[in-house]
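**Q** Take a look at structure.cif, mmCIF, C-alpha atoms:
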```cif
data_my_file
#
loop_
_atom_site.label_atom_id
_atom_site.label_comp_id
_atom_site.auth_asym_id
_atom_site.auth_seq_id
_atom_site.Cartn_x
_atom_site.Cartn_y
_atom_site.Cartn_z
CA MET J 8 -10.80 -10.86 21.56
CA THR J 9 -8.37 -12.03 18.88
CA ALA J 10 -7.09 -15.60 18.49
CA HIS J 11 -3.66 -16.38 17.02
CA PRO J 12 -1.52 -19.50 16.44
CA PRO J 13 0.70 -20.13 19.53
CA GLY J 14 4.01 -19.86 17.66
CA ALA J 15 3.04 -16.65 15.89
CA LEU J 16 1.67 -15.23 19.12
CA ARG J 17 4.94 -15.84 20.99
CA ALA J 18 6.89 -14.12 18.23
CA HIS J 19 4.53 -11.14 18.18
CA LEU J 20 4.59 -10.86 21.97
CA ARG J 21 8.39 -10.84 21.96
CA ASP J 22 8.52 -8.13 19.29
CA ALA J 23 5.74 -6.10 20.92
CA ALA J 24 7.42 -6.26 24.32
CA ALA J 25 10.57 -4.76 22.82
CA LEU J 26 8.61 -1.66 21.82
CA LEU J 27 6.43 -1.22 24.90
CA GLY J 28 9.06 1.08 26.35
CA VAL J 29 8.93 3.16 23.18
CA LEU J 30 5.15 3.37 23.39
CA ALA J 31 5.38 4.39 27.04
CA LEU J 32 7.65 7.28 26.03
CA LEU J 33 5.19 8.43 23.38
CA LEU J 34 2.27 8.33 25.79
CA GLY J 35 4.19 9.57 28.85
CA SER J 36 6.79 7.49 30.67
CA GLY J 37 8.27 7.64 34.15
CA LEU J 38 8.55 11.24 35.29
CA ALA J 39 9.70 13.50 32.50
CA PHE J 40 10.02 17.16 31.77
CA VAL J 41 10.37 18.34 28.21
CA LEU J 42 12.48 21.14 26.77
CA PRO J 43 11.29 22.19 23.28
CA TRP J 44 14.06 23.17 20.87
CA LEU J 45 11.87 25.59 18.93
CA PRO J 46 10.25 28.81 20.20
CA PRO J 47 6.56 28.59 21.20
CA GLN J 48 4.05 29.08 18.40
CA PRO J 49 0.89 31.22 18.59
CA PRO J 50 -2.09 29.15 19.76
CA SER J 51 -4.96 28.45 17.38
CA ALA J 52 -7.56 25.65 17.51
CA THR J 53 -7.37 23.45 20.60
CA LEU J 54 -5.44 20.56 19.05
CA ALA J 55 -2.87 22.82 17.40
CA ARG J 56 -2.88 24.90 20.57
CA TYR J 57 -1.94 22.17 23.04
CA ALA J 58 -0.21 19.79 20.61
CA PRO J 59 1.57 21.97 18.02
CA LEU J 60 2.88 19.98 15.06
CA HIS J 61 5.59 21.59 12.93
CA ASP J 62 7.91 20.13 10.33
CA GLY J 63 11.35 20.16 11.92
CA GLY J 64 9.98 20.53 15.45
CA ALA J 65 12.14 18.85 18.10
CA TRP J 66 12.37 18.33 21.83
CA LEU J 67 14.50 16.77 24.54
CA SER J 68 13.03 14.96 27.54
CA VAL J 69 14.60 13.66 30.74
CA ASN J 70 12.97 10.52 32.15
CA ALA J 71 13.55 10.31 35.90
CA GLN J 72 13.31 7.53 38.46
CA PRO J 73 11.15 8.01 41.59
CA ASP J 74 14.21 9.28 43.50
CA GLY J 75 14.86 11.92 40.85
CA ARG J 76 17.88 10.29 39.23
CA PRO J 77 17.76 10.20 35.40
CA ARG J 78 16.64 6.89 33.92
CA SER J 79 17.16 8.01 30.33
CA TRP J 80 17.26 10.98 27.97
CA THR J 81 15.15 11.11 24.81
CA SER J 82 15.51 13.40 21.79
CA ALA J 83 12.78 13.53 19.17
CA GLY J 84 12.07 15.25 15.88
CA VAL J 85 8.93 15.74 13.78
CA GLU J 86 8.68 15.31 10.02
CA LEU J 87 5.55 16.27 8.07
CA ILE J 88 5.31 14.21 4.88
CA PRO J 89 3.33 15.32 1.79
CA ALA J 90 0.49 12.88 1.13
CA THR J 91 1.66 11.57 -2.26
CA GLN J 92 5.23 11.08 -1.05
CA ALA J 93 3.98 9.37 2.10
CA LEU J 94 1.90 6.81 0.24
CA VAL J 95 4.21 6.25 -2.72
CA THR J 96 7.82 6.59 -1.58
CA ARG J 97 8.49 7.83 1.97
CA LEU J 98 6.64 5.43 4.27
CA ARG J 99 7.38 1.77 4.78
CA ARG J 100 4.89 -0.57 3.14
CA ALA J 101 3.12 -1.48 6.39
CA GLN J 102 2.84 2.21 7.30
CA ALA J 103 1.44 3.19 3.89
CA GLU J 104 -1.06 0.33 4.13
CA ALA J 105 -2.10 1.65 7.55
CA VAL J 106 -2.87 5.03 5.95
CA LEU J 107 -5.02 3.30 3.32
CA ALA J 108 -6.79 1.34 6.07
CA PHE J 109 -7.41 4.59 7.96
CA TYR J 110 -9.46 5.86 5.03
CA GLY J 111 -11.15 2.51 4.49
CA SER J 112 -10.88 -0.39 6.92
CA PRO J 113 -8.33 -3.11 7.73
CA GLU J 114 -10.54 -5.54 5.79
CA GLN J 115 -11.12 -3.18 2.84
CA PRO J 116 -8.49 -0.42 2.63
CA ALA J 117 -9.13 2.63 0.49
CA ASP J 118 -7.36 2.72 -2.85
CA LEU J 119 -4.56 5.22 -3.41
CA GLY J 120 -6.71 7.77 -5.23
CA VAL J 121 -9.40 7.81 -2.55
CA ALA J 122 -6.85 8.17 0.26
CA LEU J 123 -5.09 11.06 -1.50
CA GLU J 124 -8.43 12.76 -2.15
CA ARG J 125 -9.49 12.41 1.49
CA LEU J 126 -6.14 13.65 2.77
CA GLY J 127 -6.35 16.70 0.52
CA ALA J 128 -10.02 17.46 1.14
CA THR J 129 -9.73 17.35 4.93
CA GLY J 130 -6.33 19.02 5.23
CA ALA J 131 -5.03 16.01 7.16
CA GLN J 132 -1.27 15.70 7.71
CA VAL J 133 0.84 12.55 7.72
CA PHE J 134 3.64 12.86 10.26
CA ARG J 135 6.59 10.84 11.46
CA ILE J 136 8.25 11.25 14.87
CA GLY J 137 11.73 9.81 15.25
CA GLU J 138 13.05 9.23 18.77
CA ARG J 139 16.43 8.28 20.18
CA GLU J 140 16.62 7.22 23.81
CA LEU J 141 19.92 7.11 25.71
CA GLY J 142 19.66 5.00 28.85
CA ALA J 143 21.66 5.65 32.01
CA THR J 144 23.66 2.49 31.20
CA GLY J 145 24.58 3.82 27.75
CA LEU J 146 22.06 1.73 25.78
CA ILE J 147 20.69 3.60 22.75
CA THR J 148 17.26 2.77 21.31
CA ASP J 149 15.87 4.29 18.12
CA SER J 150 12.18 4.25 17.21
CA VAL J 151 9.75 5.87 14.81
CA ALA J 152 6.04 6.58 15.25
CA VAL J 153 3.81 7.33 12.26
CA GLY J 154 0.50 9.11 12.56
CA ILE J 155 -2.15 11.29 10.96
CA ARG J 156 -3.44 14.62 12.19
CA ALA J 157 -7.03 14.66 10.94
CA PRO J 158 -9.94 16.97 11.80
CA GLU J 159 -11.10 14.32 14.29
CA GLY J 160 -7.76 14.34 16.11
CA ASP J 161 -4.26 12.89 16.25
CA TYR J 162 -4.06 9.19 15.37
CA THR J 163 -1.08 6.89 15.90
CA LEU J 164 -0.94 4.37 13.05
CA GLY J 165 2.00 2.34 14.28
CA LEU J 166 5.53 2.08 15.59
CA TYR J 167 8.76 0.99 13.94
CA ARG J 168 12.13 0.09 15.43
CA PRO J 169 14.95 0.25 12.88
CA ASP J 170 17.33 -2.14 14.64
CA VAL J 171 14.95 -5.08 14.20
CA GLU J 172 13.05 -3.70 11.16
CA GLN J 173 9.75 -4.45 12.88
CA ASP J 174 6.47 -2.61 12.22
CA LEU J 175 3.81 -2.74 14.93
CA ILE J 176 0.51 -1.40 13.61
CA PHE J 177 -2.66 -0.38 15.44
CA GLU J 178 -5.83 -1.70 13.76
CA PRO J 179 -7.76 0.56 13.76
CA ALA J 180 -5.54 3.58 14.36
CA LEU J 181 -5.22 4.71 17.99
CA LEU J 182 -6.83 8.09 18.71
CA GLU J 183 -4.25 9.76 20.95
CA LEU J 184 -5.92 13.19 21.15
CA PRO J 185 -9.34 14.35 19.91
CA GLY J 186 -9.61 17.30 17.56
CA ASP J 187 -11.40 19.52 20.08
CA LEU J 188 -10.15 19.15 23.64
CA ALA J 189 -12.56 21.84 24.80
CA ALA J 190 -15.64 19.87 23.70
CA THR J 191 -14.33 16.30 24.12
CA ARG J 192 -13.39 15.54 27.71
CA SER J 193 -12.93 11.77 27.27
CA TRP J 194 -12.32 9.36 24.38
CA GLU J 195 -11.55 5.70 23.70
CA THR J 196 -10.43 3.43 20.86
CA SER J 197 -9.87 -0.32 20.77
CA GLY J 198 -8.65 -2.94 18.35
CA VAL J 199 -5.57 -5.06 17.62
CA PHE J 200 -1.92 -4.08 18.12
CA ALA J 201 0.94 -5.78 16.26
CA GLY J 202 -1.45 -8.36 14.85
CA ALA J 203 -1.41 -10.27 18.12
CA LEU J 204 -2.58 -8.17 21.07
CA ASP J 205 -5.96 -6.65 21.81
CA TYR J 206 -5.67 -3.01 22.81
CA VAL J 207 -7.90 -0.48 24.55
CA PHE J 208 -6.76 3.13 24.73
CA SER J 209 -8.65 5.80 26.65
CA GLY J 210 -7.96 9.41 27.52
CA ARG J 211 -9.56 12.19 29.50
CA VAL J 212 -8.95 15.80 30.42
CA VAL J 213 -8.21 15.88 34.16
CA ALA J 214 -7.58 19.59 34.74
CA GLN J 215 -7.02 22.89 32.99
CA GLY J 216 -5.00 25.86 34.20
CA PRO J 217 -1.42 27.04 34.83
CA TYR J 218 1.60 24.73 35.10
CA ARG J 219 4.72 25.36 37.19
CA GLY J 220 7.61 22.92 36.98
CA LYS J 221 11.14 22.17 35.80
CA ALA J 222 10.27 23.01 32.21
CA GLY J 223 9.11 26.51 33.24
CA SER J 224 5.88 28.36 33.97
CA PHE J 225 2.93 28.34 31.57
CA GLU J 226 -0.50 29.87 32.11
CA ASP J 227 -2.71 27.98 29.64
CA CYS J 228 -2.35 24.21 30.01
CA VAL J 229 -4.37 21.00 30.16
CA GLU J 230 -3.59 17.89 32.19
CA ILE J 231 -4.48 14.70 30.32
CA GLU J 232 -4.60 11.16 31.62
CA THR J 233 -4.31 8.24 29.19
CA ARG J 234 -4.49 4.49 29.66
CA LEU J 235 -3.35 1.80 27.25
CA THR J 236 -4.25 -1.79 28.07
CA LEU J 237 -2.80 -4.66 26.03
CA SER J 238 -4.14 -8.19 26.43
CA SER J 239 -3.92 -11.60 24.80
CA GLY J 240 -6.67 -14.19 25.03
CA GLY J 241 -8.37 -12.09 27.68
CA GLN J 242 -5.24 -12.01 29.86
CA PRO J 243 -3.61 -8.61 30.51
CA VAL J 244 -0.11 -8.17 29.11
CA GLN J 245 0.56 -4.49 29.84
CA ASP J 246 -1.29 -1.62 31.50
CA LEU J 247 0.23 1.83 30.89
CA ILE J 248 -1.33 4.81 32.68
CA SER J 249 0.18 8.24 32.08
CA ARG J 250 -0.55 11.85 32.91
CA SER J 251 0.89 14.72 30.92
CA TRP J 252 0.70 18.49 30.97
CA ARG J 253 0.29 20.11 27.56
CA CYS J 254 0.64 23.88 27.34
CA ALA J 255 -0.52 26.32 24.67
CA GLY J 256 1.95 26.84 21.85
CA VAL J 257 4.47 24.40 23.35
CA GLY J 258 2.94 20.92 23.71
CA ILE J 259 3.98 18.42 26.39
CA VAL J 260 6.05 20.00 29.18
CA ALA J 261 5.85 17.17 31.74
CA SER J 262 4.58 13.61 31.94
CA GLU J 263 4.36 10.88 34.55
CA GLN J 264 3.66 7.16 34.39
CA LEU J 265 1.34 5.90 37.12
CA ALA J 266 0.51 2.57 38.68
CA PRO J 267 -3.07 1.47 37.79
CA LYS J 268 -4.33 2.11 41.34
CA ALA J 269 -3.04 5.70 41.18
CA ALA J 270 -5.41 6.75 38.40
CA ARG J 271 -8.26 8.94 39.55
#
```
If you took the structure in this file and wrote it as C-alpha cells, what would it be?
**A**
Amino acid sequence: MTAHPPGALRAHLRDAAALLGVLALLLGSGLAFVLPWLPPQPPSATLARYAPLHDGGAWLSVNAQPDGRPRSWTSAGVELIPATQALVTRLRRAQAEAVLAFYGSPEQPADLGVALERLGATGAQVFRIGERELGATGLITDSVAVGIRAPEGDYTLGLYRPDVEQDLIFEPALLELPGDLAATRSWETSGVFAGALDYVFSGRVVAQGPYRGKAGSFEDCVEIETRLTLSSGGQPVQDLISRSWRCAGVGIVASEQLAPKAAR
C-alpha cells in the first residue's frame, strides 16, 4: 500500500480518473468489435500470432452500449520506435525514464547504455499506440499508450493524454500479455499507477478455438480475461474486468467489459 500527501493524492486521483476510460479501451471496454485496416499477417510465435505488432498497423473499433447502440468509435495506430530514438528524442521524458526503469528498477533505473544494450540483445521493441475516441455526443479524446514488447511479453509502461499533457506511469510496468500464451495460462503484476494509486493487474486464458461475430469468422483464437484493480489507502477506486477475443494474424476482434460478479 502506498501513502501520499492528501493534496497530491487528490490531484493524482483527478488526473488518473480522466484516463480510466482510455485504459478501459486499451484493455477492453464496453462491447466492441474491431476492424483491422491492414490484411492479416502470417502467424508465428504465440504473442506475435495473437497480438501482431506492425509499424503503421491500425484498427477501428465500435464501442456499444448494452442495447447495441454505439457509445463511441475509436481509431488507433501503432508506431514502432527504434531504441536509440525512443530513449533520446522520440519519447517524452517520463516515458523514456519508464524504459530505463524497466531495465533497472524505479529506485535504480538502468543507464542509457545498459538499456540500449538490453533492448538490442533481446530484440525488444518500443512501441507507441495513439488512439482517438469519438463519443456519441461528439466529444473527441486523444490518448497515447507506450509499451515494450520483450521476450517475456507485452508491457504497458504508461499512458499520456495530450490535451492535459499528463503522463500516468505504471511502476513497475504492467504485463498485459505473456510471451507464450500456450505455456502461460495466467499472470499477474502489481505496483503503483500514476504515483498515487496501487494497482493489481491479472490475466488468464479462458478459452481457445474459433470465433464468430460482427468482425468476421476466425478459426484460431484465444479468449482472454483481464482484471485491473486500482486502490488508494486500501480502498478500491476502480475495478475493470474485460474479456477479449484475439485471433491469429489479426489481434483483437472483439472485447467486452464485465461487472466484477460476471467474471468466471
**Q** Applying 9 Å and all atoms listed in the file, which residues near range 122-132 of chain J remain after dropping the ones on its own chain fewer than 3 positions away? List them as a ChimeraX atom specification.
**A** /J:87-91,94,106-111,117-119,154-158
**Q** What separation in Å, quoted to one decimal, exists between CA of Gly202 in chain J and CA of Asp246 in chain J?
**A**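 Separation between CA of Gly202 in chain J and CA of Asp246 in chain J: 18.0 Å.
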**Q** Could you tell me how far CA of Ser209 in chain J sits from CA of Arg250 in chain J, in Å to one decimal place?
**A**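 Taking CA of Arg250 in chain J and CA of Ser209 in chain J, their separation equals 11.9 Å.
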**Q** Taking only C-alpha atoms into account, name the residue in J:Pro77, J:Pro185, J:Pro179, J:Gly241 that is nearest to Gly142 in chain J.
**A**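 Distance minimum relative to Gly142 in chain J lands on J:Pro77.
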**Q** Identify the residues around (-11.4, 13.5, 27.1) within a radius of 12 Å, measuring from all atoms listed in the file in the coordinates stated by the file, and give them as a ChimeraX atom specification.
**A** /J:160,182-196,208-215,229-234
